[in-house]
Structure formats: C-alpha cells, structure tokens
Amino acid sequence: MILAAIRRWTGRTMLTGRTERVGRTGRTEKARRRYKPIAADIVVDIVAFAGLVTALALLLAHNTAALGYRWQWHRVPRYLLTFGDEGFQAGPLLIGVGVTLRIVAVSLLLSLTIALATALLRLSSSAVGQWIAGVYLECIRNTPLLVQLFFIYFVIAPLVGWDGWTSAVISLSLFEGAYASEIIRGGIVSLPYGQWEACYSLGLGRRDALRFVILPQAVRRILPPLVGQGISLVKDSALVSTIAIYDLTMRGQVIVAQTFLAFEIWFVVAGLYLVMTVSLSAFVGLLRRRLAVNYDR
Amino acid sequence: MTGNGSVTPDGPIITVESLSKTFANGVKALDQVSIDVARSEVLVVVGPSGSGKSTFLRCLNGLETADSGTVVVDGIPLDDNPQNRLEIRKEVGMVFQQFNLFPHMTVGANIDLAQMRVRKSAPREARGVTIELLRKVGLEDRVESYPSRLSGGQQQRVAIARALALRPKVMLFDEATSALDPEMIGEVLDVMRDLAAEGMTMVVVTHEMGFAREVGDRAVFIDEGRFVEVAPAAELFDSPREERTIAFLSKVL
Ligand SMILES: Nc1ncnc2c1ncn2[C@@H]1O[C@H](COP(=O)(O)OP(=O)(O)OP(=O)(O)O)[C@@H](O)[C@H]1O
Ligand SMILES: [Mg+2]
C-alpha cells in the first residue's frame, strides 16, 4: 500500500507543468498506465491481506483449539442482519456501522473546513492569525486524542450544553483537522512560488490566486495524504465508544459482554472497519482519476 | 483604458528615483538607482548574474517592495496603497523566465482569467480578446491545449499573450528566453520584436546581446545593484565608456 501510494505520488510529477511532448500514440498508453495500476494495486493489496488473515486465522484456530475455545460462527449473522416479517433488518453491528459512518462523514467535512482555515491562517501575513493557528496545532498534536475527547465531553460539553454526539464530532474534527491542516499547508507551499507571482503580476489578489490557481493545483498533491488522514479518522472514531456513543466498537463491546462471542465478534468488527477504510481509499482513487484527466489532454 | 496618467501624455511613463533594496539576508540588490522610461521606449537591462536585474524589474510592478525611493508608473505612485498597486499591475504586464503558466488551465483559460477576475469581463468577451492575443503570438489553434502539451517556446508565447490580456501599457521581460532550448529562442524574440514595433513600452532583462542592441532604444548596464552606465543601446554595446561595462561585454560578446 505504501509502495502504491508512492507510485501514485511520484506519478504526478508529470503534472507540474514541465514541458512534455507525447506523440499520437502516447495518449492511450498513458491512459492505460494511469488506470491499470490503481486497480492492480488494490487487487494485490487485497490478496496479500487475505493471505495474511488466513495465516493468522489458521494460527489462531490452532491455538484456540488448544485453549478449548468453542467457535460459534453460526450465532454471528443475526447481529449483522436479521430476516423477519418486515424483511431484512439491520442488526446492532450494522446499525453501529451507520453511527460510525455518520460521525465520520460529519467530522470529515468539519475537519476539512478547520484544516483549510488553519492552513490559510498559518500562511497569512497576520501575526495574530499565525499565533492562533500555531497554538491550536501544538495543543492538539501534543495531547492524546482520548484526553481531548474526555476534556471536551466532561469539561466543555456540560458548560455549553453539547450532547455526546456533538462532543464526539467536535473532538474528532479538531484532532484530524490539525493534521490535515499541515497536509494542506504542505501542499500549498510545495507549489512553485512563481504561480503566486504570475497571479499578482496579473492584478489578481490573494484570494483569487488561491481560489483559481493555487488550491486547484494543491488539491491534486494534497489528496493522497489526506485520504490517509481520512482513514485515521475512521479508525480513531472507535474512541467515541468511551463516551457512550453506540458506534460500531461500542456495539461490539455490548454484544461480547452479552454473548461471550469475543473472537467472532471482534473479527467481524475489525472486518467492518476494514471494509469502510478500503472503500474510502477506492472512492478517492476514483475521484483522483477524474481530477487527473484535466492536465493531460 | 484611461489611466490616471493620461494627463501627462508626453512625460515618461515610468519614473524611478533613488530606488534601494536590501534583502533580509543583508544583500544590497539595488543601490540608489534612478531612471525614466519614455512612452514606447524599449529599455534593455544587462548585467552579470546577481547584479539586481530581476529585483529592479520586480520593483516596477510591486512584486518586490523597495526600502526607499519612488516608482511612478503612468502617473500612479507605487506605494502602500493597494488600490494604486492594483492599478499599476493592470498597466504593467510581466513575463517570467520560467513562464509560470497555470498548468491546470487550458491556454485559453490562462489568458481569460485576469480579464474575468480583474477587468470583470464576461467570459465570451474575454475569450474574444484571448483569441485575438493568441493570433498575435501565432497560437490561435492552441486555445484548448494544456500548457504541458506545448513546447517551451510556445509556452512562453502564451505567457506573453497572458501578460497582454489586460492591455497593459508597459511590458516587463525577465530573461524571457533563458529557459528555452536554442531553437526556440527566435520565435519568442520575434514576438517581442513585434511588440516593440507596435510601440509597446518595454523593459527587457536579457542575455541576448544581439537582440538587446537591435531592439533596445536605450540600454542599462547594472552591476552590484547600481546603474553603472546608461546609454542609447547601440552606443552602450559598440562603444561602452565605463571600465566595468567594457569588462562585462568583452566576456559575454
Ligand atoms: N528573495 C531574496 N532574498 C535574499 N536575497 C535575494 C533575494 N532575491 C534576490 N536576492 C539577492 O539579490 C541579488 C540580486 O538578485 P537578482 O535576482 O535581482 O539578480 P539578477 O541580476 O536578476 O541575477 P540573475 O541574472 O542570476 O537572474 C543577488 O545577490 C541575489 O542573491
Ligand atoms: Mg534574474
């Protein structure tokens, strides 16, 4: 996955505006080169992962047999999906997935907003703005997320009347936003300064330069690491179970407490997280491909 | 297209007085330089690397802020007032060594942008001007191409068209051909030659001494941030007076 990320990353150096002449046949070759690796990478990743899981499962089966653990996979499906008079109904685990996805979706939007604002503040010429952004970054990056979550839920929330869900979303957004802002800032400063100067020399202001010239180019550089951050967000969201939010992790805990199906349920929970994160990468992969088309015509 | 300066149509279009600039690292890039540029004049600026040529040019459109001295373009002083700075940037186009085209936009969009955002032109109106400018640089068939599909020479011609998009009265060229393969230099110089012939006021930093002598009305030799010698171009290149000019020219010619 790392290899694939690097390949994707370096693959875009051709997009930085250097002269590049490609013959008539270059087009299709290029298109193929661009589309195939992403699909291939995912397949390779999945196969490798499946192999690893099988090996682990065999090992586990061997050891648990020694422990005398009684596998009861047949009891698991009902926690995912039940079929009754009213057709299919989501079981607690799938409902938990829904809660996690909702938290992630809202936090993702909020954290991106915070991240962009922070990055622009840090790049602004305002000393106060830079200071505010700097303090925010240092506070977030130098304390544990769990402590931030508790601080907001137990200290701030009662003061301002937030419920658990709001506290969870705000903690996650502030946390991921700090890291994402560094990614965005990095993407912006990595562009040649000549792009800014060309804008200024044309009479464009800072805002127009950002909107029409800088950000559209930075997005292509920012997106891959930002996806990584989004995946962290999915994973970190499990922590909200500690403030009594019934997300996927919390549902898993409850079921395990009631049924003692510890191995089976945690396998399934981990698998569901995996499905979420892999889908997220795949979705952004698609998005990226659509974005990349432009440069290349 | 009425600038504030139309009150003095015969005076110099650019007036620079006692301009000095020292960078934060202590490098004195400009040291008390003064010069007037007349309307339709082509002023060429030559000098060794690091002598302050770029800094001088960039002070003329406010990309660099001088520590002291004044710049007045077409009657508008380049000062702290952002409105003045904007007016000057509308009247002064700049062409960079590295082209600095926007790689994510088509050639047409590159040239449309400032017209739409700064002049507030409607898209169709802007596109009309864009096509006309591209025709001028011989690239009207490349409106929909992305810059990466063009050769270096073509990219620089697009950059010139883009700098002309706001119908500036002055054009600044900072080593416009230095990043080009030799076989592409000619096409860019031709465009610059045409512009000069049309009466565009130009300040041209260049290492192309032949071109400088041919197209330049006047030439400045700059060294260590000072204007060592200012003379009609033919004179400066054929019979330089200053010791340092002679030494420099003997090295580059
Ligand atoms: N942003 C900057 N910060 C610090 N020093 C700078 C900066 N820009 C230029 N300088 C220094 O100022 C001096 C003049 O630079 P300038 O770019 O104007 O020279 P130049 O004549 O254009 O040189 P070249 O022919 O290499 O382009 C040089 O010594 C350069 O190192
Ligand atoms: Mg220079």
# chains A, B, ... in the order shown; residues from 1 in each chain; ligands from 1
$ residues_near_ligand --ligand "ligand 1" --cutoff "9 Å" --atoms "only C-alpha atoms and all ligand atoms" --output "PyMOL selection string"
chain B and resi 21-30+46-58+64+97+174-175+205-207+222-225
$ interface_residues --of "chain B" --to "chain A" --cutoff "6 Å" --atoms "only C-alpha atoms" --output "PyMOL selection string"
chain B and resi 86+89-90+100+103-104+148
$ write_last_selection --atoms "N, CA, C and O atoms" --output "tab-separated table (two decimals), in the first residue's frame"
chain	number	residue	atom	x	y	z
B	86	LEU	N	-2.67	47.85	-7.46
B	86	LEU	CA	-3.51	47.11	-8.40
B	86	LEU	C	-3.57	47.83	-9.75
B	86	LEU	O	-3.45	47.21	-10.81
B	89	ARG	N	-0.45	47.23	-11.58
B	89	ARG	CA	-0.36	45.86	-12.11
B	89	ARG	C	-1.25	45.66	-13.33
B	89	ARG	O	-0.97	44.82	-14.17
B	90	LYS	N	-2.34	46.42	-13.40
B	90	LYS	CA	-3.17	46.33	-14.60
B	90	LYS	C	-2.46	46.96	-15.80
B	90	LYS	O	-2.69	46.58	-16.94
B	100	ASN	N	5.74	30.42	-15.87
B	100	ASN	CA	4.72	30.47	-14.83
B	100	ASN	C	3.30	30.41	-15.36
B	100	ASN	O	2.40	31.06	-14.83
B	103	PRO	N	-0.67	25.40	-14.95
B	103	PRO	CA	-0.67	24.12	-15.67
B	103	PRO	C	-2.02	23.42	-15.67
B	103	PRO	O	-2.25	22.56	-16.50
B	104	HIS	N	-2.90	23.78	-14.73
B	104	HIS	CA	-4.18	23.09	-14.64
B	104	HIS	C	-5.25	23.75	-15.49
B	104	HIS	O	-6.40	23.34	-15.48
B	148	SER	N	1.21	21.91	-20.75
B	148	SER	CA	2.19	20.82	-20.80
B	148	SER	C	2.27	20.18	-22.18
B	148	SER	O	3.18	19.42	-22.46
$ residues_around --residues "range 157-164 of chain B" --least-positions-apart "4" --cutoff "6 Å" --atoms "only C-alpha atoms" --output "JSON list (two decimals) with N, CA and C atoms, in the first residue's frame"
[["chain", "number", "residue", "atom", "x", "y", "z"],
["B", 93, "GLY", "N", 2.44, 44.52, -17.65],
["B", 93, "GLY", "CA", 2.45, 43.06, -17.81],
["B", 93, "GLY", "C", 3.84, 42.54, -17.55],
["B", 94, "MET", "N", 3.93, 41.29, -17.07],
["B", 94, "MET", "CA", 5.26, 40.75, -16.79],
["B", 94, "MET", "C", 5.40, 39.33, -17.36],
["B", 99, "PHE", "N", 8.15, 31.01, -17.38],
["B", 99, "PHE", "CA", 6.80, 31.10, -17.96],
["B", 99, "PHE", "C", 5.72, 31.30, -16.90],
["B", 111, "ILE", "N", -5.40, 32.85, -20.21],
["B", 111, "ILE", "CA", -5.46, 34.23, -20.67],
["B", 111, "ILE", "C", -6.79, 34.89, -20.28],
["B", 133, "LEU", "N", -5.33, 37.76, -28.97],
["B", 133, "LEU", "CA", -3.96, 37.79, -28.47],
["B", 133, "LEU", "C", -3.18, 36.55, -28.91],
["B", 137, "VAL", "N", 0.40, 35.99, -31.22],
["B", 137, "VAL", "CA", 1.61, 35.22, -30.95],
["B", 137, "VAL", "C", 1.64, 33.92, -31.77]]
$ residues_around --residues "Glu87 in chain B" --least-positions-apart "3" --cutoff "10 Å" --atoms "only C-alpha atoms" --output "count of residues only"
15
$ atom_distance --atom1 "CA of Leu110 in chain A" --atom2 "CA of Ser173 in chain A"
5.8 Å
$ closest_residue --among "B:Met192, B:Val107, B:Ile185, B:Val204" --to "ligand 2" --atoms "only C-alpha atoms and all ligand atoms"
B:Val204
$ residues_around --residues "Ile188 in chain A" --least-positions-apart "2" --cutoff "10 Å" --atoms "only C-alpha atoms" --output "list in words"
Ala119, Leu120, Leu123, Glu182, Ile183, Ile184, Arg185, Gly186, Ser190, Leu191, Pro192, Tyr193, Leu210, Ile214, Leu215, Pro216, Gln217, Ala218, Val219, Arg221 and Ile222 of chain A
